[in-house]
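Containing mmCIF, C-alpha atoms: model30.cif.
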data_input
#
loop_
_atom_site.group_PDB
_atom_site.id
_atom_site.type_symbol
_atom_site.label_atom_id
_atom_site.label_comp_id
_atom_site.auth_asym_id
_atom_site.auth_seq_id
_atom_site.Cartn_x
_atom_site.Cartn_y
_atom_site.Cartn_z
ATOM 1 C CA MET A 1 79.891 73.108 83.392
ATOM 2 C CA LEU A 2 82.017 70.039 84.040
ATOM 3 C CA ALA A 3 85.813 69.797 83.920
ATOM 4 C CA THR A 4 88.056 66.769 84.399
ATOM 5 C CA VAL A 5 90.824 66.748 86.994
ATOM 6 C CA SER A 6 94.182 65.658 85.507
ATOM 7 C CA ARG A 7 97.633 65.005 86.924
ATOM 8 C CA TRP A 8 100.098 67.875 86.438
ATOM 9 C CA GLY A 9 103.461 66.867 87.889
ATOM 10 C CA ASN A 10 102.890 66.187 91.592
ATOM 11 C CA SER A 11 99.741 68.325 91.547
ATOM 12 C CA LEU A 12 96.288 68.072 90.046
ATOM 13 C CA GLY A 13 94.907 70.550 87.534
ATOM 14 C CA ILE A 14 91.802 71.455 85.596
ATOM 15 C CA ARG A 15 91.341 73.301 82.330
ATOM 16 C CA ILE A 16 88.927 76.198 82.254
ATOM 17 C CA PRO A 17 86.781 75.912 79.113
ATOM 18 C CA ALA A 18 87.326 78.835 76.715
ATOM 19 C CA SER A 19 83.686 79.924 76.863
ATOM 20 C CA LEU A 20 83.747 80.116 80.664
ATOM 21 C CA ALA A 21 87.126 81.897 80.726
ATOM 22 C CA GLU A 22 85.900 84.448 78.194
ATOM 23 C CA ALA A 23 82.629 85.043 80.043
ATOM 24 C CA SER A 24 84.567 85.472 83.306
ATOM 25 C CA GLY A 25 87.224 87.745 81.835
ATOM 26 C CA ILE A 26 90.022 85.308 82.680
ATOM 27 C CA VAL A 27 92.998 85.375 80.322
ATOM 28 C CA GLU A 28 96.316 83.549 80.241
ATOM 29 C CA GLY A 29 98.642 84.849 82.943
ATOM 30 C CA ASP A 30 95.871 86.034 85.280
ATOM 31 C CA LYS A 31 96.235 85.122 88.933
ATOM 32 C CA VAL A 32 93.386 83.243 90.575
ATOM 33 C CA GLU A 33 92.722 82.570 94.226
ATOM 34 C CA LEU A 34 91.625 79.131 95.389
ATOM 35 C CA ARG A 35 89.736 78.765 98.661
ATOM 36 C CA ARG A 36 88.316 75.746 100.417
ATOM 37 C CA THR A 37 84.954 76.144 102.099
ATOM 38 C CA LEU A 38 84.064 74.486 105.390
ATOM 39 C CA ASN A 39 82.278 71.664 103.558
ATOM 40 C CA GLY A 40 85.309 71.009 101.309
ATOM 41 C CA ASP A 41 84.120 72.751 98.144
ATOM 42 C CA ILE A 42 86.706 74.755 96.201
ATOM 43 C CA ILE A 43 86.046 78.311 95.053
ATOM 44 C CA LEU A 44 88.154 79.783 92.259
ATOM 45 C CA GLN A 45 88.155 83.585 92.016
ATOM 46 C CA ARG A 46 90.024 85.837 89.592
ATOM 47 C CA LYS A 47 92.444 88.103 91.474
ATOM 48 C CA LYS A 48 92.129 91.797 90.709
ATOM 49 C CA LYS A 49 95.169 93.279 89.031
ATOM 50 C CA GLU A 50 97.511 95.264 91.244
ATOM 51 C CA ARG A 51 98.678 98.764 90.384
ATOM 52 C CA GLY A 52 102.034 97.522 89.041
ATOM 53 C CA GLU A 53 100.297 95.038 86.766
ATOM 54 C CA LEU A 54 98.577 97.847 84.888
ATOM 55 C CA LYS A 55 101.725 98.886 83.016
ATOM 56 C CA GLY A 56 100.200 97.555 79.803
ATOM 57 C CA PHE A 57 98.140 100.739 79.813
ATOM 58 C CA GLY A 58 101.172 102.527 78.404
ATOM 59 C CA GLN A 59 101.128 100.256 75.378
ATOM 60 C CA LEU A 60 97.533 101.250 74.642
ATOM 61 C CA ARG A 61 98.376 104.950 74.821
ATOM 62 C CA GLN A 62 99.660 104.973 71.248
ATOM 63 C CA TYR A 63 96.082 104.505 70.032
ATOM 64 C CA ALA A 64 94.661 107.432 72.019
ATOM 65 C CA ASP A 65 93.412 110.544 70.273
ATOM 66 C CA PRO A 66 96.244 113.116 70.564
ATOM 67 C CA ALA A 67 93.698 115.764 71.536
ATOM 68 C CA LEU A 68 92.787 113.721 74.616
ATOM 69 C CA ARG A 69 96.328 112.925 75.771
ATOM 70 C CA ALA A 70 96.639 116.196 77.689
ATOM 71 C CA GLN A 71 93.850 115.058 80.026
ATOM 72 C CA GLU A 72 95.008 111.447 80.150
ATOM 73 C CA GLY A 73 97.496 111.723 83.026
ATOM 74 C CA GLU A 74 95.069 113.516 85.288
ATOM 75 C CA ALA A 75 92.218 111.104 84.539
ATOM 76 C CA PHE A 76 94.445 108.074 85.068
ATOM 77 C CA ALA A 77 95.757 109.437 88.380
ATOM 78 C CA ARG A 78 92.191 110.060 89.568
ATOM 79 C CA ALA A 79 91.174 106.532 88.594
ATOM 80 C CA MET A 80 94.163 105.017 90.419
ATOM 81 C CA ASP A 81 93.470 107.115 93.509
ATOM 82 C CA GLU A 82 89.856 105.957 93.533
ATOM 83 C CA ARG A 83 90.805 102.317 93.025
ATOM 84 C CA PHE A 84 93.916 102.022 95.191
ATOM 85 C CA GLY A 85 93.784 105.065 97.487
ATOM 86 C CA LYS A 86 95.963 108.133 97.378
ATOM 87 C CA LYS A 87 99.692 107.474 97.605
ATOM 88 C CA GLY A 88 102.025 110.222 98.750
ATOM 89 C CA HIS A 89 99.333 112.942 98.791
#

Can you turn what I pasted into structure tokens?
Amino acid sequence: MLATVSRWGNSLGIRIPASLAEASGIVEGDKVELRRTLNGDIILQRKKKERGELKGFGQLRQYADPALRAQEGEAFARAMDERFGKKGH
């Protein structure tokens, strides 16, 4: 897929086509990492969300089945421990 480099202030920028962003799971506000390879190529990689960036989970909670909410905290804690390591245990 081709993109055109454009001036953006003192920098240069590209637009990520919607189809590629959607297929890659990139949404507005995501952080990406840019790296230059030894031969000068540029690699763009979506940065994984940090623990503090997952606060939107609380907004989704309102849609959860009330019968499952009792197990929610424990399951979420287990998932965070697996993903980020145990904190304060």

Please return the centre and edge lengths, in Å to one decimal, of a box with edges along x, y and z that contains all listed atoms of region 65-69 of chain A, widened by 3 Å on every side, as JSON.
{"center_x": 94.6, "center_y": 113.2, "center_z": 73.0, "size_x": 9.5, "size_y": 11.2, "size_z": 11.5}

Neighbour list for region 16-23 of chain A as a ChimeraX atom specification, cut-off 12 Å, only C-alpha atoms, skip fewer than 2 positions in-chain: /A:1-5,13-14,25-28,30,32,44-46

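We find CA of Gln71 (chain A) and CA of Lys47 (chain A) to be spaced 29.3 Å apart.
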
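Of note, CA of Asp65 (chain A) and CA of Phe84 (chain A) are spaced 26.3 Å apart.
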
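For the pair CA of Glu72 (chain A) and CA of Ser24 (chain A), the interatomic distance is 28.2 Å.
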